[in-house]
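Structure below is entry08.csv: CSV, C-alpha atoms and all ligand atoms.
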```
chain,number,residue,atom,x,y,z
L,907,MET,CA,71.0,17.0,154.1
L,908,THR,CA,68.0,17.9,151.9
L,909,ARG,CA,68.6,17.3,148.2
L,910,VAL,CA,67.4,20.1,146.0
L,911,SER,CA,67.5,20.2,142.2
L,912,ILE,CA,67.2,23.5,140.3
L,913,VAL,CA,65.5,23.4,137.0
L,914,GLY,CA,66.5,26.3,134.7
L,915,ALA,CA,69.7,26.9,136.7
L,916,SER,CA,71.6,28.7,134.0
L,917,GLY,CA,69.3,31.8,134.1
L,918,TYR,CA,69.4,34.8,136.4
L,919,VAL,CA,67.0,33.4,139.0
L,920,GLY,CA,68.7,30.0,138.8
L,921,GLY,CA,72.1,31.6,139.3
L,922,GLU,CA,70.8,33.4,142.4
L,923,LEU,CA,69.3,30.2,143.8
L,924,LEU,CA,72.7,28.5,143.3
L,925,ARG,CA,74.6,31.3,144.9
L,926,LEU,CA,72.3,31.2,148.0
L,927,LEU,CA,71.9,27.4,148.3
L,928,LEU,CA,75.6,26.6,148.0
L,929,ARG,CA,76.0,28.3,151.4
L,930,HIS,CA,72.7,26.9,152.9
L,931,PRO,CA,73.7,24.6,155.8
L,932,GLN,CA,70.7,22.2,155.3
L,933,ILE,CA,70.9,21.8,151.5
L,934,GLU,CA,72.9,19.7,149.1
L,935,ILE,CA,72.4,20.7,145.4
L,936,ALA,CA,71.6,17.5,143.6
L,937,GLN,CA,71.3,18.7,140.0
L,938,ALA,CA,71.1,22.0,138.1
L,939,THR,CA,69.6,21.9,134.6
L,940,SER,CA,70.4,23.8,131.4
L,941,GLU,CA,69.6,22.5,127.9
L,942,ARG,CA,72.0,24.9,126.2
L,943,ARG,CA,74.9,24.3,128.6
L,944,ALA,CA,74.4,20.6,129.5
L,945,GLY,CA,77.7,19.1,130.7
L,946,GLN,CA,79.4,22.5,131.3
L,947,PHE,CA,80.4,23.7,134.7
L,948,VAL,CA,77.8,26.0,136.3
L,949,HIS,CA,80.4,28.6,136.9
L,950,GLY,CA,80.6,29.0,133.1
L,951,ALA,CA,77.1,30.6,133.3
L,952,HIS,CA,77.6,32.1,136.8
L,953,PRO,CA,81.3,33.3,137.1
L,954,ASN,CA,80.7,34.6,140.6
L,955,LEU,CA,80.4,30.9,141.7
L,956,ARG,CA,83.9,30.0,140.4
L,957,GLY,CA,85.8,28.1,143.1
L,958,TYR,CA,82.7,27.4,145.1
L,959,THR,CA,81.4,24.3,143.2
L,960,GLN,CA,82.4,21.8,140.6
L,961,LEU,CA,78.8,21.0,139.7
L,962,ARG,CA,78.0,20.6,136.0
L,963,PHE,CA,74.6,21.3,134.3
L,964,SER,CA,72.4,18.3,133.5
L,965,THR,CA,69.5,18.2,131.1
L,966,LEU,CA,65.8,18.0,132.0
L,967,ALA,CA,65.7,14.5,130.5
L,968,THR,CA,68.2,13.2,133.1
L,969,LEU,CA,66.6,14.8,136.1
L,970,ALA,CA,66.5,12.3,138.9
L,971,PRO,CA,64.3,12.0,142.0
L,972,CYS,CA,65.2,14.4,144.8
L,973,ASP,CA,63.6,16.0,148.0
L,974,VAL,CA,62.7,19.4,146.5
L,975,LEU,CA,62.6,20.7,143.0
L,976,ILE,CA,62.9,24.5,142.5
L,977,LEU,CA,61.8,25.5,139.0
L,978,ALA,CA,63.1,28.6,137.4
L,979,LEU,CA,61.9,28.1,133.8
L,980,PRO,CA,60.4,30.6,131.4
L,981,HIS,CA,56.7,31.2,131.5
L,982,GLY,CA,54.5,28.2,130.7
L,983,HIS,CA,57.1,25.4,131.0
L,984,ALA,CA,56.4,24.4,134.6
L,985,ALA,CA,52.6,24.3,133.9
L,986,ARG,CA,53.0,21.9,131.0
L,987,GLN,CA,55.3,19.5,132.7
L,988,ILE,CA,54.0,19.6,136.3
L,989,GLU,CA,52.9,16.0,136.4
L,990,ARG,CA,56.4,14.8,135.6
L,991,PHE,CA,58.0,17.2,138.1
L,992,ALA,CA,55.6,16.0,140.8
L,993,GLU,CA,56.7,12.4,140.2
L,994,LEU,CA,60.3,13.4,140.8
L,995,ALA,CA,59.9,15.3,144.0
L,996,PRO,CA,57.4,15.4,146.9
L,997,ARG,CA,57.9,19.2,147.2
L,998,ILE,CA,58.1,21.8,144.4
L,999,ILE,CA,58.7,25.6,144.5
L,1000,ASP,CA,58.0,27.2,141.1
L,1001,CYS,CA,59.5,30.6,140.5
L,1002,SER,CA,57.5,31.3,137.3
L,1003,ALA,CA,54.0,32.8,137.1
L,1004,ASP,CA,52.4,29.5,136.1
L,1005,PHE,CA,50.8,28.8,139.5
L,1006,ARG,CA,50.5,32.2,141.2
L,1007,LEU,CA,46.9,32.8,140.4
L,1008,ASP,CA,44.1,30.9,142.1
L,1009,ASP,CA,41.7,30.5,139.3
L,1010,ALA,CA,42.0,29.5,135.6
L,1011,GLU,CA,39.7,32.3,134.4
L,1012,SER,CA,42.0,35.0,135.8
L,1013,TYR,CA,45.0,33.2,134.4
L,1014,ALA,CA,43.5,33.1,130.9
L,1015,ARG,CA,42.6,36.7,131.1
L,1016,TRP,CA,46.0,37.9,132.1
L,1017,TYR,CA,48.3,35.4,130.3
L,1018,GLY,CA,46.3,35.1,127.1
L,1019,ASP,CA,46.1,31.3,127.1
L,1020,GLU,CA,44.1,28.6,128.8
L,1021,HIS,CA,46.1,27.1,131.7
L,1022,PRO,CA,47.4,23.6,130.6
L,1023,ASN,CA,46.8,22.0,134.0
L,1024,PRO,CA,44.1,24.1,135.8
L,1025,GLU,CA,43.5,21.5,138.5
L,1026,TRP,CA,47.0,22.2,139.8
L,1027,LEU,CA,46.3,25.9,140.5
L,1028,SER,CA,44.5,25.1,143.8
L,1029,ARG,CA,47.4,22.8,144.9
L,1030,PHE,CA,49.9,25.6,144.9
L,1031,VAL,CA,50.1,28.2,147.7
L,1032,TYR,CA,51.2,31.7,146.8
L,1033,GLY,CA,54.7,31.9,148.1
L,1034,LEU,CA,55.0,35.3,149.8
L,1035,PRO,CA,55.6,34.5,153.5
L,1036,GLU,CA,54.7,38.0,154.6
L,1037,ILE,CA,51.1,37.3,153.4
L,1038,ASN,CA,50.8,33.5,153.5
L,1039,ARG,CA,53.3,32.2,156.1
L,1040,GLU,CA,50.9,29.7,157.8
L,1041,ARG,CA,49.8,28.1,154.6
L,1042,ILE,CA,53.3,27.9,153.2
L,1043,THR,CA,54.5,26.0,156.3
L,1044,THR,CA,52.3,23.0,155.5
L,1045,ALA,CA,52.4,23.2,151.7
L,1046,ARG,CA,53.9,20.7,149.3
L,1047,TYR,CA,53.7,23.0,146.3
L,1048,VAL,CA,54.5,26.7,146.5
L,1049,SER,CA,54.5,29.3,143.7
L,1050,GLY,CA,57.1,31.9,143.5
L,1051,VAL,CA,56.3,35.6,143.4
L,1052,GLY,CA,56.4,38.3,140.7
L,1053,CYS,CA,59.1,40.8,141.5
L,1054,ASN,CA,57.0,43.9,140.6
L,1055,ALA,CA,54.0,42.4,142.4
L,1056,THR,CA,56.2,41.8,145.6
L,1057,ALA,CA,57.3,45.4,145.7
L,1058,VAL,CA,53.7,46.6,145.4
L,1059,ASN,CA,52.3,44.0,147.8
L,1060,LEU,CA,54.8,44.8,150.5
L,1061,ALA,CA,54.3,48.6,150.1
L,1062,LEU,CA,50.5,48.3,150.5
L,1063,LEU,CA,49.9,45.3,152.7
L,1064,PRO,CA,49.7,47.2,156.1
L,1065,LEU,CA,47.4,49.8,154.7
L,1066,ALA,CA,45.2,47.2,153.0
L,1067,ARG,CA,45.1,45.0,156.2
L,1068,ALA,CA,44.1,48.0,158.3
L,1069,GLY,CA,41.3,48.9,155.9
L,1070,ALA,CA,42.9,52.4,155.7
L,1071,LEU,CA,42.7,52.7,151.9
L,1072,ASP,CA,39.9,54.5,150.1
L,1073,VAL,CA,39.3,51.6,147.7
L,1074,ALA,CA,36.7,53.5,145.8
L,1075,ARG,CA,39.5,55.6,144.3
L,1076,PRO,CA,41.9,53.7,142.0
L,1077,ILE,CA,45.4,52.9,143.4
L,1078,VAL,CA,48.2,53.4,140.9
L,1079,ALA,CA,51.6,51.7,141.5
L,1080,GLU,CA,54.5,52.9,139.4
L,1081,VAL,CA,57.3,50.3,139.4
L,1082,LYS,CA,60.8,51.2,138.2
L,1083,VAL,CA,62.8,48.1,137.3
L,1084,GLY,CA,66.2,46.9,136.4
L,1085,SER,CA,67.3,45.0,133.3
L,1086,SER,CA,67.8,41.6,135.0
L,1087,GLU,CA,64.0,41.3,135.3
L,1088,GLY,CA,64.0,40.3,131.6
L,1089,GLY,CA,66.2,37.2,132.2
L,1090,ASP,CA,69.5,36.3,130.5
L,1091,GLU,CA,68.0,35.8,126.9
L,1092,PRO,CA,69.1,38.9,124.9
L,1093,ASN,CA,66.8,40.8,122.7
L,1094,VAL,CA,66.8,44.0,120.6
L,1095,GLY,CA,65.6,46.1,123.6
L,1096,SER,CA,68.2,44.7,125.9
L,1097,HIS,CA,71.1,45.4,123.6
L,1098,HIS,CA,73.5,47.7,125.6
L,1099,PRO,CA,73.2,50.9,123.4
L,1100,GLU,CA,69.4,50.6,123.5
L,1101,ARG,CA,68.9,49.6,127.1
L,1102,SER,CA,71.6,51.7,128.8
L,1103,HIS,CA,70.5,55.0,130.4
L,1104,VAL,CA,66.8,54.4,129.6
L,1105,VAL,CA,63.7,55.7,131.5
L,1106,ARG,CA,61.5,53.6,129.3
L,1107,SER,CA,57.7,53.1,129.8
L,1108,TYR,CA,57.8,49.4,129.4
L,1109,ALA,CA,54.2,48.5,130.4
L,1110,PRO,CA,52.2,51.6,131.3
L,1111,VAL,CA,49.0,49.5,131.5
L,1112,GLY,CA,48.2,45.8,131.4
L,1113,HIS,CA,51.2,44.3,133.2
L,1114,ARG,CA,50.4,40.7,134.2
L,1115,HIS,CA,51.5,41.2,137.8
L,1116,THR,CA,48.5,43.3,138.3
L,1117,ALA,CA,46.4,40.1,138.7
L,1118,GLU,CA,48.8,38.9,141.5
L,1119,VAL,CA,48.5,42.1,143.4
L,1120,ARG,CA,44.7,42.2,143.2
L,1121,GLN,CA,44.6,38.6,144.4
L,1122,ALA,CA,47.1,39.1,147.2
L,1123,LEU,CA,45.6,42.3,148.6
L,1124,GLY,CA,41.9,41.6,147.8
L,1125,ILE,CA,41.5,45.0,146.2
L,1126,GLU,CA,40.3,45.2,142.6
L,1127,GLU,CA,41.1,48.8,141.7
L,1128,ILE,CA,44.9,48.6,141.7
L,1129,HIS,CA,46.8,49.4,138.5
L,1130,LEU,CA,50.5,48.9,137.7
L,1131,SER,CA,52.7,50.9,135.4
L,1132,ILE,CA,56.2,49.5,134.8
L,1133,THR,CA,59.2,51.7,133.8
L,1134,ALA,CA,62.6,50.3,132.8
L,1135,VAL,CA,65.4,52.3,134.4
L,1136,GLU,CA,69.2,52.3,134.6
L,1137,LEU,CA,69.6,49.4,137.1
L,1138,VAL,CA,70.7,45.8,136.6
L,1139,ARG,CA,69.1,44.6,139.9
L,1140,GLY,CA,66.3,46.3,141.7
L,1141,ALA,CA,62.7,47.3,141.7
L,1142,LEU,CA,61.1,50.4,143.3
L,1143,ALA,CA,57.3,50.6,143.7
L,1144,THR,CA,55.8,54.0,144.3
L,1145,CYS,CA,52.1,53.5,145.1
L,1146,HIS,CA,49.7,56.4,144.9
L,1147,THR,CA,46.8,56.0,147.3
L,1148,TRP,CA,44.2,57.9,149.3
L,1149,LEU,CA,43.0,57.2,152.9
L,1150,ARG,CA,39.5,56.3,153.7
L,1151,GLU,CA,39.5,58.5,156.8
L,1152,PRO,CA,42.0,61.1,158.0
L,1153,LEU,CA,45.1,59.6,159.7
L,1154,THR,CA,48.2,61.0,161.1
L,1155,ASP,CA,51.8,60.0,160.4
L,1156,ARG,CA,51.9,58.4,163.9
L,1157,ASP,CA,48.9,56.3,162.9
L,1158,LEU,CA,50.7,55.1,159.8
L,1159,TRP,CA,53.8,54.2,161.9
L,1160,ARG,CA,51.5,52.1,164.1
L,1161,ILE,CA,49.9,50.4,161.1
L,1162,TYR,CA,53.2,49.5,159.4
L,1163,ARG,CA,54.8,48.4,162.7
L,1164,SER,CA,51.9,46.2,163.6
L,1165,VAL,CA,52.5,44.2,160.3
L,1166,TYR,CA,56.2,44.4,159.9
L,1167,GLY,CA,57.5,44.7,163.4
L,1168,ASP,CA,58.5,41.0,163.6
L,1169,GLU,CA,59.2,40.4,159.9
L,1170,PRO,CA,62.8,39.3,159.4
L,1171,PHE,CA,63.1,40.6,155.9
L,1172,VAL,CA,61.1,43.9,156.0
L,1173,ARG,CA,62.6,47.1,157.2
L,1174,ILE,CA,60.6,50.3,157.7
L,1175,VAL,CA,62.6,53.0,156.1
L,1176,LYS,CA,61.4,56.5,156.8
L,1177,GLU,CA,64.1,58.8,158.1
L,1178,ARG,CA,63.9,62.6,158.7
L,1179,SER,CA,67.4,63.3,157.2
L,1180,GLY,CA,70.1,61.8,155.2
L,1181,VAL,CA,70.4,60.7,151.6
L,1182,TYR,CA,68.6,57.4,151.9
L,1183,ARG,CA,65.5,58.7,153.7
L,1184,LEU,CA,63.0,56.4,151.8
L,1185,PRO,CA,63.4,52.9,150.3
L,1186,GLU,CA,65.9,52.6,147.5
L,1187,PRO,CA,67.0,49.5,145.7
L,1188,LYS,CA,70.6,50.6,145.3
L,1189,ILE,CA,71.5,49.5,148.8
L,1190,LEU,CA,69.6,46.2,148.6
L,1191,ALA,CA,71.5,44.4,145.8
L,1192,GLY,CA,72.4,40.9,146.9
L,1193,SER,CA,70.2,41.0,150.0
L,1194,ASN,CA,66.8,39.5,150.7
L,1195,LEU,CA,65.5,42.6,152.4
L,1196,ALA,CA,62.5,44.7,151.3
L,1197,ASP,CA,62.6,48.3,152.5
L,1198,VAL,CA,59.2,49.8,153.0
L,1199,GLY,CA,58.2,53.4,153.7
L,1200,TRP,CA,55.6,56.1,152.9
L,1201,ALA,CA,54.9,59.8,152.7
L,1202,LEU,CA,51.7,61.3,153.9
L,1203,ASP,CA,50.1,64.5,152.8
L,1204,GLU,CA,47.8,65.1,155.7
L,1205,GLN,CA,45.8,67.9,154.0
L,1206,SER,CA,44.6,65.8,151.1
L,1207,GLY,CA,44.8,62.3,152.7
L,1208,ARG,CA,47.2,61.1,150.0
L,1209,VAL,CA,49.7,58.4,151.0
L,1210,VAL,CA,52.5,57.5,148.7
L,1211,ALA,CA,53.6,54.0,149.8
L,1212,ILE,CA,57.0,52.9,148.7
L,1213,ALA,CA,58.9,49.6,148.6
L,1214,ALA,CA,62.3,48.6,147.3
L,1215,ILE,CA,63.7,45.1,146.6
L,1216,ASP,CA,66.4,43.3,144.7
L,1217,ASN,CA,64.2,41.6,142.1
L,1218,LEU,CA,66.4,38.5,141.9
L,1219,GLN,CA,66.4,38.0,145.7
L,1220,LYS,CA,63.3,39.2,147.6
L,1221,GLY,CA,61.6,39.3,144.2
L,1222,ALA,CA,62.4,35.7,143.3
L,1223,ALA,CA,65.2,33.4,144.7
L,1224,GLY,CA,65.4,34.7,148.2
L,1225,THR,CA,61.6,34.5,148.8
L,1226,ALA,CA,61.7,31.0,147.3
L,1227,ILE,CA,64.3,30.0,149.9
L,1228,GLN,CA,62.3,31.6,152.7
L,1229,CYS,CA,59.5,29.2,151.6
L,1230,LEU,CA,61.9,26.3,151.4
L,1231,ASN,CA,62.9,27.1,155.0
L,1232,LEU,CA,59.3,27.4,156.2
L,1233,ILE,CA,58.3,24.1,154.6
L,1234,HIS,CA,61.1,22.3,156.4
L,1235,GLY,CA,60.7,24.0,159.7
L,1236,TRP,CA,64.1,25.6,159.6
L,1237,PRO,CA,64.6,29.2,160.8
L,1238,GLU,CA,63.2,31.4,158.0
L,1239,THR,CA,66.4,33.4,157.6
L,1240,THR,CA,68.7,30.3,157.0
L,1241,GLY,CA,71.0,31.0,154.1
L,1242,LEU,CA,69.6,34.5,153.6
L,1243,GLU,CA,71.4,36.8,156.0
L,1244,THR,CA,73.6,38.7,153.5
L,1245,ILE,CA,73.6,42.4,154.1
L,1246,GLY,CA,73.3,44.6,150.9
L,1247,LEU,CA,76.3,46.5,149.6
L,1248,HIS,CA,77.2,50.2,150.1
L,1249,PRO,CA,78.5,51.9,148.2
L,1250,VAL,CA,77.9,50.2,144.9
L,1301,LIG,N1,64.3,37.8,136.5
L,1301,LIG,C1,63.6,38.1,137.5
L,1301,LIG,O1,63.7,39.2,138.1
L,1301,LIG,C2,62.4,37.2,138.0
L,1301,LIG,C3,61.8,37.6,139.1
L,1301,LIG,C4,60.7,36.7,139.6
L,1301,LIG,C5,60.4,35.6,138.9
L,1301,LIG,N2,61.0,35.4,137.7
L,1301,LIG,C6,60.6,34.2,136.9
L,1301,LIG,O2,61.5,33.1,137.1
L,1301,LIG,C7,61.7,32.4,135.9
L,1301,LIG,C8,63.1,32.4,135.4
L,1301,LIG,O3,63.5,33.7,135.2
L,1301,LIG,P1,65.0,34.2,134.7
L,1301,LIG,O4,65.0,35.6,134.7
L,1301,LIG,O5,66.0,33.4,135.5
L,1301,LIG,O6,65.0,33.6,133.2
L,1301,LIG,P2,66.2,33.3,132.3
L,1301,LIG,O7,67.4,34.0,132.8
L,1301,LIG,O8,65.8,33.5,130.9
L,1301,LIG,O9,66.5,31.7,132.6
L,1301,LIG,C9,65.6,30.7,132.1
L,1301,LIG,C10,66.1,29.3,132.4
L,1301,LIG,O10,65.2,28.4,131.8
L,1301,LIG,C11,66.0,27.5,130.9
L,1301,LIG,N3,65.2,27.2,129.7
L,1301,LIG,C12,64.8,28.1,128.8
L,1301,LIG,N4,64.0,27.4,127.8
L,1301,LIG,C13,64.0,26.1,128.2
L,1301,LIG,C14,63.4,25.0,127.7
L,1301,LIG,N5,62.7,25.0,126.5
L,1301,LIG,N6,63.5,23.8,128.3
L,1301,LIG,C15,64.3,23.7,129.5
L,1301,LIG,N7,64.9,24.8,130.0
L,1301,LIG,C16,64.7,26.0,129.4
L,1301,LIG,C17,67.2,28.3,130.6
L,1301,LIG,O11,68.2,27.3,130.3
L,1301,LIG,P3,69.0,27.1,129.0
L,1301,LIG,O12,68.5,28.1,128.0
L,1301,LIG,O13,70.5,27.3,129.3
L,1301,LIG,O14,68.7,25.7,128.5
L,1301,LIG,C18,67.5,29.0,131.9
L,1301,LIG,O15,68.2,28.2,132.8
L,1301,LIG,C19,60.7,33.0,134.9
L,1301,LIG,O16,59.5,32.3,134.9
L,1301,LIG,C20,60.5,34.4,135.5
L,1301,LIG,O17,59.2,34.9,135.1
L,1301,LIG,C21,62.0,36.1,137.2
```
In structure tokens, write the structure found in this file.
Amino acid sequence: MTRVSIVGASGYVGGELLRLLLRHPQIEIAQATSERRAGQFVHGAHPNLRGYTQLRFSTLATLAPCDVLILALPHGHAARQIERFAELAPRIIDCSADFRLDDAESYARWYGDEHPNPEWLSRFVYGLPEINRERITTARYVSGVGCNATAVNLALLPLARAGALDVARPIVAEVKVGSSEGGDEPNVGSHHPERSHVVRSYAPVGHRHTAEVRQALGIEEIHLSITAVELVRGALATCHTWLREPLTDRDLWRIYRSVYGDEPFVRIVKERSGVYRLPEPKILAGSNLADVGWALDEQSGRVVAIAAIDNLQKGAAGTAIQCLNLIHGWPETTGLETIGLHPV
């Protein structure tokens, strides 16, 4: 068995990692850290795990060597302690944004601080298998993905790869997001009377995941707007684009199928009838799937590309486990085959 320790295991991403890895046939969870809950059972923080494990939280200070460390700490913590983490494990997957960008200048621009260990940026591979599968397979250090960035990247990847987009016209991606994106630390905005029933423009401009999308797709004129909506889990990206040359809906089917036809976790969702004709996060809660679709206005050449994910799964823990599987040469779907719920 491969021994994995989860650092920052009391949070929402940590809880999702535990839920998935407890059923993973190749994995033994060595340690799970929480400073606030050290010594307590993990099911105290994650009641859905009651009866599945008797593991207790450890502290960062007592972290022992293991085969793989998965880090799920708040922004900045992994970058500051990366040397120590690398002494503890030969392989690291970091779910934070600390190592997602390739260059220190872009990091400083988007995150507002100098990167504490810039020489480590080039040692990490961006951990979205649908974009970087080959490189992840041989990597020692893999970054996680931004949840909003993942929804946008998967919506647009086929069009970007095919060179179908008019990149002289700005692309605008509106992402509607659930409250678990904010983590388990409460604040005034997450207080139930303030958060419930919102349609709140959280980051109309300047969201940090913009940098990740530009880097992944190689297109500079992409802009994100993030809106908080009445969901706990889920993100829906609605990306407004224009085609470089006229294409038909049949052409777009060919373009999307050529990229996603063999992807185990991407479904093309574009039905002619029914309630769920286009991607919707509601039916993806608890699953690692990304549903991707589009609508074409042939007269104007406008394509609205759409992707839905569960932010804690495909947008964080599930994708991290896809990378864990790839690094070890296990089937990529191992431990990740849960089907989403309907109705919820
Ligand atoms: N939420 C999402 O949808 C999502 C999606 C993609 C990526 N991510 C990224 O994943 C990471 C974790 O996100 P999350 O939503 O799980 O956050 P979270 O719920 O706030 O959990 C943070 C974890 O870090 C631990 N922690 C906090 N401060 C610490 C410190 N000073 N020293 C050691 N441990 C500390 C917490 O443990 P204790 O406080 O119990 O000690 C907790 O286990 C973040 O970097 C986030 O950007 C999140």
Residues within 8 Å of ligand LIG 1301 (chain L) (only C-alpha atoms and all ligand atoms), as a PDB file with C-alpha atoms, in the frame of the given file?
```pdb
ATOM      1  CA  VAL L 913      65.500  23.400 137.000  1.00  0.00           C
ATOM      2  CA  GLY L 914      66.500  26.300 134.700  1.00  0.00           C
ATOM      3  CA  ALA L 915      69.700  26.900 136.700  1.00  0.00           C
ATOM      4  CA  SER L 916      71.600  28.700 134.000  1.00  0.00           C
ATOM      5  CA  GLY L 917      69.300  31.800 134.100  1.00  0.00           C
ATOM      6  CA  TYR L 918      69.400  34.800 136.400  1.00  0.00           C
ATOM      7  CA  VAL L 919      67.000  33.400 139.000  1.00  0.00           C
ATOM      8  CA  GLY L 920      68.700  30.000 138.800  1.00  0.00           C
ATOM      9  CA  GLY L 921      72.100  31.600 139.300  1.00  0.00           C
ATOM     10  CA  THR L 939      69.600  21.900 134.600  1.00  0.00           C
ATOM     11  CA  SER L 940      70.400  23.800 131.400  1.00  0.00           C
ATOM     12  CA  GLU L 941      69.600  22.500 127.900  1.00  0.00           C
ATOM     13  CA  ARG L 942      72.000  24.900 126.200  1.00  0.00           C
ATOM     14  CA  ARG L 943      74.900  24.300 128.600  1.00  0.00           C
ATOM     15  CA  ALA L 944      74.400  20.600 129.500  1.00  0.00           C
ATOM     16  CA  THR L 965      69.500  18.200 131.100  1.00  0.00           C
ATOM     17  CA  LEU L 966      65.800  18.000 132.000  1.00  0.00           C
ATOM     18  CA  LEU L 977      61.800  25.500 139.000  1.00  0.00           C
ATOM     19  CA  ALA L 978      63.100  28.600 137.400  1.00  0.00           C
ATOM     20  CA  LEU L 979      61.900  28.100 133.800  1.00  0.00           C
ATOM     21  CA  PRO L 980      60.400  30.600 131.400  1.00  0.00           C
ATOM     22  CA  HIS L 981      56.700  31.200 131.500  1.00  0.00           C
ATOM     23  CA  GLY L 982      54.500  28.200 130.700  1.00  0.00           C
ATOM     24  CA  HIS L 983      57.100  25.400 131.000  1.00  0.00           C
ATOM     25  CA  ASP L1000      58.000  27.200 141.100  1.00  0.00           C
ATOM     26  CA  CYS L1001      59.500  30.600 140.500  1.00  0.00           C
ATOM     27  CA  SER L1002      57.500  31.300 137.300  1.00  0.00           C
ATOM     28  CA  ALA L1003      54.000  32.800 137.100  1.00  0.00           C
ATOM     29  CA  ASP L1004      52.400  29.500 136.100  1.00  0.00           C
ATOM     30  CA  GLY L1050      57.100  31.900 143.500  1.00  0.00           C
ATOM     31  CA  VAL L1051      56.300  35.600 143.400  1.00  0.00           C
ATOM     32  CA  GLY L1052      56.400  38.300 140.700  1.00  0.00           C
ATOM     33  CA  CYS L1053      59.100  40.800 141.500  1.00  0.00           C
ATOM     34  CA  SER L1086      67.800  41.600 135.000  1.00  0.00           C
ATOM     35  CA  GLU L1087      64.000  41.300 135.300  1.00  0.00           C
ATOM     36  CA  GLY L1088      64.000  40.300 131.600  1.00  0.00           C
ATOM     37  CA  GLY L1089      66.200  37.200 132.200  1.00  0.00           C
ATOM     38  CA  ASP L1090      69.500  36.300 130.500  1.00  0.00           C
ATOM     39  CA  GLU L1091      68.000  35.800 126.900  1.00  0.00           C
ATOM     40  CA  ARG L1139      69.100  44.600 139.900  1.00  0.00           C
ATOM     41  CA  ASN L1217      64.200  41.600 142.100  1.00  0.00           C
ATOM     42  CA  LEU L1218      66.400  38.500 141.900  1.00  0.00           C
ATOM     43  CA  GLY L1221      61.600  39.300 144.200  1.00  0.00           C
ATOM     44  CA  ALA L1222      62.400  35.700 143.300  1.00  0.00           C
ATOM     45  CA  ALA L1223      65.200  33.400 144.700  1.00  0.00           C
TER      46      ALA L1223
END
```
If we count only C-alpha atoms and set the cut-off at 9 Å, which residues sit around Leu1158 (chain L), ignoring sequence neighbours fewer than 4 positions away in its own chain? Please answer as a ChimeraX atom specification.
/L:1064-1065,1153-1154,1162-1163,1200,1202
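You will find CA of Leu924 (chain L) at 26.3 Å from CA of Leu1007 (chain L).
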Can you pull out every residue within 9 Å of Pro1110 (chain L), counting all atoms listed in the file, but drop anything in the same chain fewer than 5 positions away, and send it as a PDB file with C-alpha atoms, keeping the file's coordinate frame?
```pdb
ATOM      1  CA  GLU L1080      54.500  52.900 139.400  1.00  0.00           C
ATOM      2  CA  LEU L1130      50.500  48.900 137.700  1.00  0.00           C
ATOM      3  CA  SER L1131      52.700  50.900 135.400  1.00  0.00           C
ATOM      4  CA  ILE L1132      56.200  49.500 134.800  1.00  0.00           C
ATOM      5  CA  THR L1133      59.200  51.700 133.800  1.00  0.00           C
TER       6      THR L1133
END
```
List as an NGL selection string the protein and nucleic acid residues near Arg956 (chain L), meaning an atom at most 12 Å away when only C-alpha atoms are counted, but skip any in the same chain fewer than 6 places from it.
:L and (921 or 924-925 or 928 or 947-950 or 962)
Report, in Å with one decimal, the straight-line distance from CA of Phe1005 (chain L) to CA of Ala985 (chain L).
7.4 Å
Have region 922-931 of chain L completed to N, CA and C atoms, please, and pass it along as a compact mmCIF listing (two decimals), in the frame of the given file.
```txt
# COMPACT_ATOMS: atom_id res chain seq x y z
N GLU L 922 70.96 32.88 141.05
CA GLU L 922 70.80 33.40 142.40
C GLU L 922 70.44 32.28 143.37
N LEU L 923 69.64 31.33 142.91
CA LEU L 923 69.30 30.20 143.80
C LEU L 923 70.59 29.39 144.08
N LEU L 924 71.43 29.18 143.06
CA LEU L 924 72.70 28.50 143.30
C LEU L 924 73.57 29.21 144.27
N ARG L 925 73.72 30.50 144.06
CA ARG L 925 74.60 31.30 144.90
C ARG L 925 74.15 31.17 146.40
N LEU L 926 72.84 31.22 146.63
CA LEU L 926 72.30 31.20 148.00
C LEU L 926 72.38 29.74 148.56
N LEU L 927 71.98 28.76 147.74
CA LEU L 927 71.90 27.40 148.30
C LEU L 927 73.23 26.74 148.47
N LEU L 928 74.26 27.19 147.75
CA LEU L 928 75.60 26.60 148.00
C LEU L 928 76.09 26.91 149.39
N ARG L 929 75.57 27.96 150.04
CA ARG L 929 76.00 28.30 151.40
C ARG L 929 74.90 27.93 152.43
N HIS L 930 73.83 27.27 151.98
CA HIS L 930 72.70 26.90 152.90
C HIS L 930 73.12 25.67 153.67
N PRO L 931 73.11 25.73 155.02
CA PRO L 931 73.70 24.60 155.80
C PRO L 931 72.83 23.31 155.74
```
